[in-house]
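Novice: File work-v9.csv follows (CSV, C-alpha atoms):
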```
chain,number,residue,atom,x,y,z
Q,1,MET,CA,-1.9,77.7,74.7
Q,2,SER,CA,0.8,76.4,77.0
Q,3,LYS,CA,1.8,73.9,74.3
Q,4,LYS,CA,2.2,76.7,71.8
Q,5,LYS,CA,4.3,78.7,74.2
Q,6,ALA,CA,6.4,75.6,74.9
Q,7,ALA,CA,6.8,75.0,71.1
Q,8,HIS,CA,7.9,78.6,70.5
Q,9,ALA,CA,10.3,78.4,73.4
Q,10,ALA,CA,11.8,75.3,72.0
Q,11,ALA,CA,12.1,76.8,68.5
Q,12,ASP,CA,13.7,79.9,70.0
Q,13,ALA,CA,16.2,77.8,71.9
Q,14,THR,CA,17.0,75.9,68.7
Q,15,VAL,CA,17.6,79.1,66.8
Q,16,ASP,CA,19.8,80.4,69.6
Q,17,HIS,CA,21.8,77.2,69.7
Q,18,GLU,CA,22.3,77.3,65.9
Q,19,ARG,CA,23.5,80.9,66.2
Q,20,LEU,CA,25.9,80.0,68.9
Q,21,GLN,CA,27.2,77.1,66.9
Q,22,SER,CA,27.6,79.4,63.9
Q,23,LEU,CA,29.4,82.0,65.9
Q,24,ILE,CA,31.8,79.5,67.5
Q,25,GLY,CA,32.4,77.8,64.2
Q,26,SER,CA,33.5,81.0,62.6
Q,27,MET,CA,36.1,81.7,65.2
Q,28,ALA,CA,39.8,81.3,64.2
Q,29,ASP,CA,40.8,80.2,67.7
Q,30,GLY,CA,40.0,76.7,68.9
Q,31,VAL,CA,37.0,76.7,71.3
Q,32,LEU,CA,36.3,73.9,73.8
Q,33,ALA,CA,33.4,74.0,76.3
Q,34,VAL,CA,33.6,71.4,79.0
Q,35,ASP,CA,31.2,70.5,81.8
Q,36,ASP,CA,31.9,70.1,85.5
Q,37,ASN,CA,33.3,66.6,84.8
Q,38,ILE,CA,35.8,68.2,82.4
Q,39,LYS,CA,34.2,66.5,79.4
Q,40,VAL,CA,33.8,68.2,76.1
Q,41,VAL,CA,30.2,69.4,75.3
Q,42,LEU,CA,30.9,71.9,72.6
Q,43,TYR,CA,33.8,72.6,70.2
Q,44,ASN,CA,34.6,74.1,66.8
Q,45,GLY,CA,36.5,73.2,63.7
Q,46,ALA,CA,39.6,75.2,64.8
Q,47,ALA,CA,39.8,73.1,68.0
Q,48,LEU,CA,39.7,69.9,65.9
Q,49,SER,CA,42.6,71.3,63.8
Q,50,ILE,CA,44.7,72.2,66.8
Q,51,LEU,CA,44.0,68.8,68.4
Q,52,ASP,CA,44.8,67.1,65.1
Q,53,THR,CA,41.6,65.0,64.9
Q,54,ASN,CA,38.7,64.8,62.6
Q,55,GLY,CA,36.2,62.7,64.6
Q,56,SER,CA,33.7,63.9,67.1
Q,57,ILE,CA,35.1,64.7,70.5
Q,58,ARG,CA,31.8,65.4,72.3
Q,59,GLY,CA,31.7,63.6,75.7
Q,60,ARG,CA,35.4,62.8,75.7
Q,61,PRO,CA,37.6,63.7,78.7
Q,62,LEU,CA,39.8,66.7,78.2
Q,63,ARG,CA,42.8,65.0,79.6
Q,64,ARG,CA,42.7,62.5,76.7
Q,65,LEU,CA,42.7,65.3,74.1
Q,66,LEU,CA,45.2,67.8,75.5
Q,67,GLU,CA,48.7,66.5,76.3
Q,68,LEU,CA,50.3,69.7,77.6
Q,69,TYR,CA,53.7,70.4,78.9
Q,70,ASP,CA,55.2,73.5,80.5
Q,71,LYS,CA,58.2,75.3,79.1
Q,72,ASN,CA,60.5,73.2,81.3
Q,73,GLY,CA,59.2,70.0,79.7
Q,74,ASN,CA,57.1,68.9,82.7
Q,75,PRO,CA,53.6,67.4,82.0
Q,76,VAL,CA,50.7,69.6,82.9
Q,77,ASP,CA,47.6,68.1,84.6
Q,78,VAL,CA,45.1,70.0,82.4
Q,79,GLU,CA,42.1,68.6,84.2
Q,80,ARG,CA,43.3,69.9,87.5
Q,81,VAL,CA,44.3,73.3,86.0
Q,82,VAL,CA,40.8,73.7,84.5
Q,83,ARG,CA,38.9,72.5,87.6
Q,84,THR,CA,40.8,74.9,89.9
Q,85,SER,CA,40.3,77.9,87.7
Q,86,THR,CA,38.1,80.3,89.6
Q,87,ARG,CA,38.5,83.2,87.2
Q,88,ALA,CA,39.7,83.8,83.7
Q,89,THR,CA,43.3,82.8,83.2
Q,90,THR,CA,45.7,82.7,80.3
Q,91,ASN,CA,49.0,80.9,79.6
Q,92,ARG,CA,51.4,81.4,76.6
Q,93,ASP,CA,54.1,79.0,77.8
Q,94,LEU,CA,52.6,75.6,77.0
Q,95,LEU,CA,53.6,72.9,74.6
Q,96,LEU,CA,51.1,70.6,73.0
Q,97,HIS,CA,52.5,67.2,72.1
Q,98,TYR,CA,51.1,65.0,69.3
Q,99,ASP,CA,51.3,61.2,68.9
Q,100,ASP,CA,53.9,61.4,66.1
Q,101,GLY,CA,56.3,63.2,68.4
Q,102,SER,CA,55.8,66.7,67.0
Q,103,ARG,CA,54.7,69.6,69.2
Q,104,ILE,CA,53.5,73.2,69.0
Q,105,ASN,CA,53.4,76.2,71.2
Q,106,VAL,CA,49.9,77.0,72.3
Q,107,TYR,CA,48.1,79.9,74.0
Q,108,LEU,CA,45.5,78.6,76.4
Q,109,SER,CA,42.7,80.7,78.0
Q,110,ILE,CA,40.4,79.2,80.6
Q,111,ALA,CA,37.2,80.9,81.8
Q,112,PRO,CA,34.7,79.4,84.3
Q,113,VAL,CA,31.1,79.8,83.1
Q,114,HIS,CA,27.6,79.1,84.5
Q,115,LEU,CA,25.4,78.6,81.4
Q,116,GLY,CA,23.5,75.4,82.3
Q,117,TYR,CA,25.0,73.2,79.7
Q,118,GLY,CA,26.2,69.6,80.3
Q,119,GLU,CA,24.5,66.7,82.0
Q,120,ALA,CA,26.4,67.2,85.3
Q,121,GLY,CA,25.0,70.6,86.1
Q,122,ASP,CA,25.2,74.2,85.3
Q,123,ARG,CA,28.9,74.8,85.9
Q,124,GLY,CA,31.5,74.4,83.2
Q,125,PHE,CA,34.5,76.0,81.5
Q,126,VAL,CA,35.3,77.5,78.1
Q,127,LEU,CA,38.8,77.1,76.8
Q,128,LEU,CA,40.4,79.0,73.9
Q,129,LEU,CA,43.3,77.4,72.1
Q,130,ARG,CA,45.7,79.1,69.6
Q,131,ASP,CA,48.8,77.8,67.8
Q,132,ILE,CA,51.5,80.5,68.6
Q,133,THR,CA,54.5,78.5,67.4
Q,134,HIS,CA,55.4,81.1,64.8
Q,135,GLU,CA,54.9,84.0,67.3
Q,136,LYS,CA,57.2,82.2,69.8
Q,137,SER,CA,59.8,81.6,67.1
Q,138,LEU,CA,59.8,85.4,66.3
Q,139,GLU,CA,60.0,86.2,70.0
Q,140,GLU,CA,63.0,84.0,70.5
Q,141,GLU,CA,64.8,85.5,67.5
Q,142,ARG,CA,64.0,89.0,68.9
Q,143,ASP,CA,65.3,88.1,72.4
Q,144,GLU,CA,68.5,86.6,70.9
Q,145,PHE,CA,69.0,89.8,68.8
Q,146,ILE,CA,68.5,92.0,71.9
Q,147,SER,CA,70.9,89.8,73.9
Q,148,VAL,CA,73.6,90.0,71.2
Q,149,VAL,CA,73.3,93.7,70.6
Q,150,SER,CA,73.2,94.7,74.3
Q,151,HIS,CA,76.3,92.6,74.9
Q,152,GLU,CA,78.2,94.1,72.0
Q,153,LEU,CA,77.3,97.7,73.0
Q,154,ARG,CA,78.7,97.4,76.5
Q,155,THR,CA,82.4,97.7,75.5
Q,156,PRO,CA,82.1,100.8,73.2
Q,157,ILE,CA,79.8,102.5,75.7
Q,158,ALA,CA,82.2,101.9,78.6
Q,159,ILE,CA,85.1,103.2,76.4
Q,160,ALA,CA,83.1,106.3,75.4
Q,161,GLU,CA,82.1,107.0,79.0
Q,162,GLY,CA,85.6,106.7,80.2
Q,163,ASN,CA,87.1,108.9,77.5
Q,164,ILE,CA,84.5,111.6,78.1
Q,165,SER,CA,85.1,111.5,81.8
Q,166,ASN,CA,88.8,111.9,81.3
Q,167,ALA,CA,88.2,114.8,78.9
Q,168,GLN,CA,86.0,116.5,81.5
Q,169,PHE,CA,88.6,116.1,84.2
Q,170,SER,CA,91.5,117.4,81.9
Q,171,ILE,CA,89.6,120.5,80.6
Q,172,LYS,CA,88.3,121.4,84.1
Q,173,LYS,CA,91.8,121.1,85.5
Q,174,ALA,CA,93.2,123.3,82.8
Q,175,GLY,CA,90.5,125.9,83.3
Q,176,GLY,CA,89.0,125.3,79.9
Q,177,ASP,CA,86.1,126.9,78.1
Q,178,PRO,CA,82.8,126.5,80.1
Q,179,ALA,CA,80.9,125.9,76.9
Q,180,ILE,CA,83.1,122.8,76.1
Q,181,LEU,CA,82.6,121.6,79.6
Q,182,ASN,CA,78.9,121.9,79.3
Q,183,ALA,CA,78.9,120.1,76.0
Q,184,LEU,CA,80.9,117.2,77.5
Q,185,LYS,CA,78.6,117.1,80.5
Q,186,GLN,CA,75.6,116.7,78.2
Q,187,ALA,CA,77.4,114.0,76.2
Q,188,HIS,CA,78.3,112.2,79.4
Q,189,ASN,CA,74.7,112.3,80.6
Q,190,GLN,CA,73.5,110.8,77.3
Q,191,ILE,CA,76.1,108.0,77.5
Q,192,LEU,CA,75.0,107.2,81.0
Q,193,PHE,CA,71.4,107.0,79.8
Q,194,LEU,CA,72.4,104.8,76.9
Q,195,ALA,CA,74.3,102.5,79.3
Q,196,SER,CA,71.2,102.3,81.6
Q,197,MET,CA,69.0,101.4,78.6
Q,198,VAL,CA,71.4,98.7,77.4
Q,199,ASN,CA,71.5,97.3,81.0
Q,200,ASP,CA,67.7,97.2,81.0
Q,201,LEU,CA,67.6,95.5,77.6
Q,202,SER,CA,70.1,92.9,78.7
Q,203,THR,CA,68.2,92.1,81.9
Q,204,LEU,CA,64.9,92.0,79.9
Q,205,SER,CA,66.4,89.6,77.4
Q,206,ARG,CA,67.6,87.2,80.1
Q,207,ALA,CA,64.3,87.5,82.0
Q,208,GLU,CA,62.3,86.7,78.9
Q,209,ARG,CA,64.4,83.7,78.0
Q,210,GLY,CA,64.4,82.4,81.6
Q,211,LYS,CA,68.2,82.9,81.9
Q,212,LEU,CA,68.1,84.9,85.1
Q,213,THR,CA,69.7,83.0,88.0
Q,214,LEU,CA,69.0,83.4,91.7
Q,215,GLU,CA,71.9,83.6,94.0
Q,216,ILE,CA,70.8,83.8,97.6
Q,217,ALA,CA,73.0,85.3,100.3
Q,218,SER,CA,72.8,87.2,103.5
Q,219,CYS,CA,72.2,90.9,102.8
Q,220,ASN,CA,72.7,93.8,105.1
Q,221,ALA,CA,69.5,95.7,104.4
Q,222,HIS,CA,70.5,98.7,106.5
Q,223,GLN,CA,73.8,99.1,104.6
Q,224,LEU,CA,72.1,98.5,101.3
Q,225,VAL,CA,69.7,101.4,101.7
Q,226,THR,CA,72.4,103.7,103.1
Q,227,ASP,CA,74.6,103.0,100.1
Q,228,LEU,CA,71.8,103.6,97.6
Q,229,VAL,CA,70.8,106.9,99.2
Q,230,GLN,CA,74.4,108.0,99.3
Q,231,SER,CA,75.0,107.1,95.7
Q,232,HIS,CA,72.0,109.1,94.5
Q,233,GLN,CA,72.6,112.2,96.6
Q,234,GLU,CA,74.4,114.1,93.8
Q,235,ASP,CA,71.4,113.6,91.4
Q,236,ALA,CA,69.0,114.7,94.1
Q,237,LYS,CA,71.0,117.8,95.0
Q,238,ALA,CA,71.2,118.8,91.4
Q,239,LYS,CA,67.4,119.1,91.4
Q,240,GLY,CA,67.2,120.7,94.8
Q,241,LEU,CA,65.6,117.7,96.4
Q,242,VAL,CA,66.1,116.2,99.8
Q,243,LEU,CA,66.9,112.5,99.6
Q,244,ARG,CA,67.1,110.6,102.9
Q,245,ALA,CA,66.7,107.2,104.4
Q,246,ASP,CA,64.2,106.2,107.0
Q,247,ILE,CA,65.5,102.9,108.4
Q,248,ASN,CA,64.0,101.0,111.3
Q,249,PRO,CA,66.6,100.5,114.0
Q,250,HIS,CA,65.5,96.9,114.5
Q,251,LEU,CA,66.1,96.0,110.8
Q,252,GLU,CA,68.0,92.7,110.5
Q,253,THR,CA,69.7,91.0,107.6
Q,254,LEU,CA,67.8,89.8,104.6
Q,255,SER,CA,68.3,86.4,102.9
Q,256,SER,CA,67.7,87.1,99.2
Q,257,SER,CA,69.5,88.2,96.0
Q,258,GLU,CA,71.3,91.4,96.9
Q,259,LEU,CA,71.9,92.1,93.2
Q,260,TYR,CA,68.2,92.0,92.4
Q,261,VAL,CA,67.1,93.8,95.5
Q,262,ARG,CA,69.6,96.6,94.8
Q,263,GLU,CA,68.5,96.9,91.1
Q,264,ILE,CA,64.8,97.1,92.1
Q,265,LEU,CA,65.3,99.8,94.7
Q,266,GLN,CA,67.6,101.7,92.4
Q,267,ASN,CA,64.9,101.8,89.7
Q,268,PHE,CA,62.4,103.1,92.2
Q,269,ILE,CA,64.8,105.8,93.5
Q,270,THR,CA,65.9,106.8,90.0
Q,271,ASN,CA,62.3,107.3,88.9
Q,272,ALA,CA,61.4,109.1,92.1
Q,273,ILE,CA,64.2,111.7,91.5
Q,274,LYS,CA,63.4,112.0,87.8
Q,275,TYR,CA,59.7,112.7,88.3
Q,276,THR,CA,60.0,115.0,91.3
Q,277,GLU,CA,60.6,118.7,90.8
Q,278,LYS,CA,60.6,119.9,94.4
Q,279,GLY,CA,60.3,118.4,97.8
Q,280,SER,CA,61.8,115.1,98.9
Q,281,VAL,CA,62.4,111.4,98.2
Q,282,ILE,CA,62.4,109.1,101.2
Q,283,VAL,CA,63.7,105.5,101.1
Q,284,GLY,CA,62.4,103.4,104.0
Q,285,ALA,CA,63.1,99.9,105.3
Q,286,LYS,CA,61.6,98.0,108.2
Q,287,PRO,CA,61.2,94.4,109.3
Q,288,GLN,CA,57.9,92.8,108.5
Q,289,ASP,CA,56.8,89.2,108.9
Q,290,ASN,CA,59.6,87.0,107.6
Q,291,GLY,CA,61.3,89.7,105.5
Q,292,VAL,CA,61.8,93.4,104.9
Q,293,LEU,CA,59.4,96.0,103.6
Q,294,PHE,CA,61.1,98.7,101.5
Q,295,THR,CA,59.4,101.9,100.5
Q,296,VAL,CA,60.3,104.7,98.2
Q,297,SER,CA,58.1,107.8,98.6
Q,298,ASP,CA,58.3,111.1,96.7
Q,299,THR,CA,56.5,114.4,96.4
Q,300,GLY,CA,56.5,114.3,92.6
Q,301,ILE,CA,54.0,114.5,89.8
Q,302,GLY,CA,52.2,111.3,90.8
Q,303,ILE,CA,50.5,108.7,88.6
Q,304,SER,CA,46.9,108.8,87.4
Q,305,LYS,CA,44.5,105.9,88.2
Q,306,ALA,CA,44.5,104.8,84.6
Q,307,ASP,CA,48.3,104.8,84.3
Q,308,GLN,CA,48.7,102.9,87.6
Q,309,GLU,CA,47.1,99.8,85.9
Q,310,ARG,CA,49.7,99.9,83.2
Q,311,VAL,CA,52.8,101.3,84.8
Q,312,PHE,CA,54.5,97.8,85.0
Q,313,ASP,CA,53.7,97.0,81.3
Q,314,LYS,CA,56.5,96.6,78.9
Q,315,PHE,CA,57.4,99.8,77.1
Q,316,PHE,CA,54.6,101.7,78.7
Q,317,ARG,CA,55.1,105.5,79.2
Q,318,SER,CA,52.5,107.9,80.4
Q,319,GLU,CA,51.0,110.4,78.0
Q,320,ASP,CA,51.5,113.1,80.7
Q,321,PHE,CA,53.7,115.8,79.2
Q,322,ARG,CA,55.8,115.9,82.4
Q,323,THR,CA,56.7,112.2,81.8
Q,324,ARG,CA,57.4,112.7,78.1
Q,325,SER,CA,59.7,115.5,78.8
Q,326,SER,CA,62.2,113.1,80.4
Q,327,ASN,CA,64.2,110.3,78.7
Q,328,GLY,CA,62.9,106.8,79.2
Q,329,THR,CA,62.3,103.5,77.5
Q,330,GLY,CA,59.3,102.2,79.5
Q,331,LEU,CA,61.4,99.1,80.5
Q,332,GLY,CA,62.5,100.0,84.0
Q,333,LEU,CA,59.4,99.0,86.0
Q,334,TYR,CA,58.7,96.1,83.7
Q,335,VAL,CA,62.1,94.7,84.5
Q,336,THR,CA,61.6,95.5,88.1
Q,337,MET,CA,58.4,93.4,88.2
Q,338,LYS,CA,60.2,90.5,86.6
Q,339,LEU,CA,63.0,90.7,89.2
Q,340,ALA,CA,60.4,91.0,92.0
Q,341,ARG,CA,58.6,87.8,90.9
Q,342,LEU,CA,61.9,86.0,90.8
Q,343,ILE,CA,62.7,86.8,94.4
Q,344,HIS,CA,59.0,86.1,95.4
Q,345,ALA,CA,58.5,89.8,96.3
Q,346,ASP,CA,55.2,91.7,96.3
Q,347,ILE,CA,55.0,95.3,94.9
Q,348,THR,CA,52.3,97.8,95.7
Q,349,LEU,CA,51.8,101.3,94.4
Q,350,GLU,CA,50.0,104.2,96.1
Q,351,SER,CA,49.8,107.4,94.1
Q,352,GLU,CA,47.7,110.5,93.5
Q,353,LEU,CA,48.2,112.8,90.5
Q,354,ASN,CA,50.2,115.9,91.5
Q,355,HIS,CA,50.7,114.6,95.1
Q,356,GLY,CA,53.5,112.1,94.8
Q,357,SER,CA,53.9,108.3,94.8
Q,358,THR,CA,54.9,105.5,97.1
Q,359,PHE,CA,56.3,102.3,95.8
Q,360,SER,CA,56.4,99.5,98.4
Q,361,ILE,CA,58.0,96.1,98.0
Q,362,PHE,CA,57.9,93.3,100.6
Q,363,ILE,CA,60.9,91.0,100.1
Q,364,PRO,CA,60.7,87.7,102.0
Q,365,ASN,CA,63.6,85.8,103.4
Q,366,ILE,CA,64.5,83.0,101.0
Q,367,THR,CA,66.0,79.9,102.5
```
Can you present the structure in this file as structure tokens?
Specialist:
Amino acid sequence: MSKKKAAHAAADATVDHERLQSLIGSMADGVLAVDDNIKVVLYNGAALSILDTNGSIRGRPLRRLLELYDKNGNPVDVERVVRTSTRATTNRDLLLHYDDGSRINVYLSIAPVHLGYGEAGDRGFVLLLRDITHEKSLEEERDEFISVVSHELRTPIAIAEGNISNAQFSIKKAGGDPAILNALKQAHNQILFLASMVNDLSTLSRAERGKLTLEIASCNAHQLVTDLVQSHQEDAKAKGLVLRADINPHLETLSSSELYVREILQNFITNAIKYTEKGSVIVGAKPQDNGVLFTVSDTGIGISKADQERVFDKFFRSEDFRTRSSNGTGLGLYVTMKLARLIHADITLESELNHGSTFSIFIPNIT
């Protein structure tokens, strides 16, 4: 009886294995399963195609098959990357080099698994490979287009903003028609919105292409917060909001990029004012560890739990009608996160729907 059970179990295992092989073989992405020694134990036809080989690769070390380089042209130790992966990770910025000198852009996903395959034990990894050369080419063309357009729009926007401002001043001085003044005010606000959007697109383009440069200097954090609060007072007062600074008296200078720190905080403050109908916006700053902790707290509409997971995604805008009622591109916080990573800063978000939000960012001193 036990022999029959063993035979049935073996037969079931064979069927399951064949089903697995069939499933993996039908996948468009290249699949490589490696054991704890980072040797191939399972693969599909798509993987052979990406690796540009026809022979069996079972048992071969992964480092002999994948000659990967990062976007800066530096070789990647794929075995170390795989071995140190403790959770699922992905990378879209890798180049795979072939023996003939050609290369392709590849998407690589690594997931540690515990399925009991491989002679070395029950630990291994599953890798997904995809040729994204065409996608990368389209992305580069898109980023180049955005860069050119945003650059070319700066001059006409600046001229339009200047002329509308002059017209407002002249008509107001001459005691002109209030209806005309109101129309000019609306036009001026839309021009400022367009200028902000072009600035976001320009920054986004440079960030996506790795063109952002980091200029480190000593920054007076106290003065920076004071200036930002002062420059946004008019917008806050127009909505009946209290905007104030809460600065620790022991705050010292910060060694970082003042330009990027200013832009990050400006995005937080602008959003806080935009999505707060009553109450206050408080901009805080205090020394912490080897850096400064900045906070922007508001009593606004808040952000739902679901939206908090996506709020830093590119082009994301909440479906909340109160958010949709305001102009926006969904780029501000995405760009903010890009800049934060560039200056090695950490952003945290605390929010409750209808009870306001607090964006905190710790910016370390960079030497």
Novice: Could you give me, as a ChimeraX atom specification, the residues within 8 Å of range 83-93 of chain Q, counting all atoms listed in the file and dropping anything in the same chain fewer than 5 positions from it?
Specialist: /Q:36,38,70-71,105-112
Novice: To one decimal in Å, tell me the separation between CA of Ser150 in chain Q and CA of Arg206 in chain Q.
Specialist: 11.0 Å
Novice: With a distance cut-off of 6 Å and only C-alpha atoms, select the neighbouring residues of Gly330 in chain Q, excluding the residue or stretch itself and same-chain residues fewer than 2 positions from it, and output the selection as a list in words.
Specialist: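 Listing them by chain and then by number gives Phe315, Phe316, Arg317, Gly328 and Gly332 of chain Q.
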Novice: Using all atoms listed in the file for the distances, tell me which of Q:Cys219, Q:Leu48, Q:Ile146, Q:Ile347 is nearest to Ser257 in chain Q.
Specialist: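 Of all the options, Q:Cys219 lies closest to Ser257 in chain Q.
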Novice: Select, from Q:Thr253, Q:Thr270, Q:Thr213, Q:Thr348, the residue with the minimum atom-to-atom distance to Phe193 in chain Q, counting only C-alpha atoms.
Specialist: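 Among Q:Thr253, Q:Thr270, Q:Thr213, Q:Thr348, it is Q:Thr270 that comes nearest to Phe193 in chain Q.
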Novice: I'd like the interatomic distance between CA of Ser297 in chain Q and CA of Leu241 in chain Q, to a tenth of an Å.
Specialist: 12.6 Å
Novice: Grab the CA of Gln186 in chain Q to CA of Glu277 in chain Q distance for me, in Å with one decimal place.
Specialist: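 Taking CA of Gln186 in chain Q and CA of Glu277 in chain Q, their separation equals 19.7 Å.
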Novice: Q:Asp77, Q:Asp52, Q:Asp346, Q:Asp246: which is nearest His97 in chain Q, counting all atoms listed in the file?
Specialist: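 Under the stated criterion, the closest residue is Q:Asp52.
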Novice: Which is closer to Leu259 in chain Q than all the others in Q:Leu342, Q:Ser280, Q:Ser137, Q:Gln288, using all atoms listed in the file?
Specialist: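 Of the candidates, the smallest distance to Leu259 in chain Q is held by Q:Leu342.
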Novice: Do a neighbour search on Ala195 in chain Q at 8 Å with all atoms listed in the file, toss out local chain neighbours closer than 4 positions, and write the hits as a PyMOL selection string.
Specialist: chain Q and resi 154+157-158+191+199
Novice: Closest to Arg63 in chain Q among Q:Asn37, Q:Gln223, Q:Ser49, Q:Ser165, using only C-alpha atoms?
Specialist: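 Looking only at the distances to Arg63 in chain Q, the closest residue turns out to be Q:Asn37.
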Novice: Calculated over all atoms listed in the file, which of the candidates Q:Thr295, Q:Gln266, Q:Thr367, Q:Asn189 has the smallest distance to Glu161 in chain Q?
Specialist: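 For Glu161 in chain Q, the nearest of the given residues is Q:Asn189.
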Novice: Atoms are missing here; could range 147-154 of chain Q be completed with all heavy atoms and written as a PDB file, in the frame of the given file?
Specialist:
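Written output follows (rebuild-v3.pdb):
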```pdb
ATOM      1  N   SER Q 147      69.809  90.308  73.027  1.00  0.00           N
ATOM      2  CA  SER Q 147      70.900  89.800  73.900  1.00  0.00           C
ATOM      3  C   SER Q 147      72.252  90.103  73.234  1.00  0.00           C
ATOM      4  O   SER Q 147      73.176  90.593  73.891  1.00  0.00           O
ATOM      5  CB  SER Q 147      70.731  88.320  74.116  1.00  0.00           C
ATOM      6  OG  SER Q 147      71.806  87.799  74.857  1.00  0.00           O
ATOM      7  N   VAL Q 148      72.374  89.811  71.943  1.00  0.00           N
ATOM      8  CA  VAL Q 148      73.600  90.000  71.200  1.00  0.00           C
ATOM      9  C   VAL Q 148      73.994  91.493  71.151  1.00  0.00           C
ATOM     10  O   VAL Q 148      75.125  91.910  71.448  1.00  0.00           O
ATOM     11  CB  VAL Q 148      73.590  89.385  69.830  1.00  0.00           C
ATOM     12  CG1 VAL Q 148      74.821  89.780  69.018  1.00  0.00           C
ATOM     13  CG2 VAL Q 148      73.486  87.873  69.919  1.00  0.00           C
ATOM     14  N   VAL Q 149      73.016  92.308  70.751  1.00  0.00           N
ATOM     15  CA  VAL Q 149      73.300  93.700  70.600  1.00  0.00           C
ATOM     16  C   VAL Q 149      73.637  94.394  71.912  1.00  0.00           C
ATOM     17  O   VAL Q 149      74.600  95.172  71.993  1.00  0.00           O
ATOM     18  CB  VAL Q 149      72.024  94.438  69.973  1.00  0.00           C
ATOM     19  CG1 VAL Q 149      72.180  95.953  70.032  1.00  0.00           C
ATOM     20  CG2 VAL Q 149      71.828  93.998  68.531  1.00  0.00           C
ATOM     21  N   SER Q 150      72.874  94.091  72.968  1.00  0.00           N
ATOM     22  CA  SER Q 150      73.200  94.700  74.300  1.00  0.00           C
ATOM     23  C   SER Q 150      74.544  94.290  74.779  1.00  0.00           C
ATOM     24  O   SER Q 150      75.253  95.085  75.401  1.00  0.00           O
ATOM     25  CB  SER Q 150      72.089  94.335  75.285  1.00  0.00           C
ATOM     26  OG  SER Q 150      71.999  92.934  75.464  1.00  0.00           O
ATOM     27  N   HIS Q 151      74.929  93.038  74.479  1.00  0.00           N
ATOM     28  CA  HIS Q 151      76.300  92.600  74.900  1.00  0.00           C
ATOM     29  C   HIS Q 151      77.355  93.314  74.127  1.00  0.00           C
ATOM     30  O   HIS Q 151      78.352  93.757  74.706  1.00  0.00           O
ATOM     31  CB  HIS Q 151      76.380  91.076  74.671  1.00  0.00           C
ATOM     32  CG  HIS Q 151      77.739  90.525  74.999  1.00  0.00           C
ATOM     33  ND1 HIS Q 151      78.186  90.356  76.295  1.00  0.00           N
ATOM     34  CD2 HIS Q 151      78.763  90.130  74.191  1.00  0.00           C
ATOM     35  CE1 HIS Q 151      79.416  89.880  76.276  1.00  0.00           C
ATOM     36  NE2 HIS Q 151      79.794  89.731  75.014  1.00  0.00           N
ATOM     37  N   GLU Q 152      77.175  93.453  72.815  1.00  0.00           N
ATOM     38  CA  GLU Q 152      78.200  94.100  72.000  1.00  0.00           C
ATOM     39  C   GLU Q 152      78.322  95.585  72.243  1.00  0.00           C
ATOM     40  O   GLU Q 152      79.368  96.175  72.001  1.00  0.00           O
ATOM     41  CB  GLU Q 152      77.873  93.846  70.496  1.00  0.00           C
ATOM     42  CG  GLU Q 152      77.986  92.395  70.052  1.00  0.00           C
ATOM     43  CD  GLU Q 152      79.394  91.837  70.221  1.00  0.00           C
ATOM     44  OE1 GLU Q 152      80.361  92.594  70.035  1.00  0.00           O
ATOM     45  OE2 GLU Q 152      79.519  90.648  70.561  1.00  0.00           O
ATOM     46  N   LEU Q 153      77.251  96.220  72.732  1.00  0.00           N
ATOM     47  CA  LEU Q 153      77.300  97.700  73.000  1.00  0.00           C
ATOM     48  C   LEU Q 153      77.990  98.031  74.281  1.00  0.00           C
ATOM     49  O   LEU Q 153      78.407  99.179  74.469  1.00  0.00           O
ATOM     50  CB  LEU Q 153      75.867  98.228  73.007  1.00  0.00           C
ATOM     51  CG  LEU Q 153      75.175  98.420  71.659  1.00  0.00           C
ATOM     52  CD1 LEU Q 153      73.731  98.841  71.865  1.00  0.00           C
ATOM     53  CD2 LEU Q 153      75.908  99.456  70.814  1.00  0.00           C
ATOM     54  N   ARG Q 154      78.136  97.059  75.177  1.00  0.00           N
ATOM     55  CA  ARG Q 154      78.700  97.400  76.500  1.00  0.00           C
ATOM     56  C   ARG Q 154      80.120  97.944  76.399  1.00  0.00           C
ATOM     57  O   ARG Q 154      80.438  98.945  77.051  1.00  0.00           O
ATOM     58  CB  ARG Q 154      78.708  96.112  77.367  1.00  0.00           C
ATOM     59  CG  ARG Q 154      77.327  95.723  77.880  1.00  0.00           C
ATOM     60  CD  ARG Q 154      77.420  94.525  78.803  1.00  0.00           C
ATOM     61  NE  ARG Q 154      76.113  94.104  79.251  1.00  0.00           N
ATOM     62  CZ  ARG Q 154      75.464  94.615  80.290  1.00  0.00           C
ATOM     63  NH1 ARG Q 154      76.009  95.594  80.979  1.00  0.00           N
ATOM     64  NH2 ARG Q 154      74.274  94.157  80.650  1.00  0.00           N
TER      65      ARG Q 154
END
```
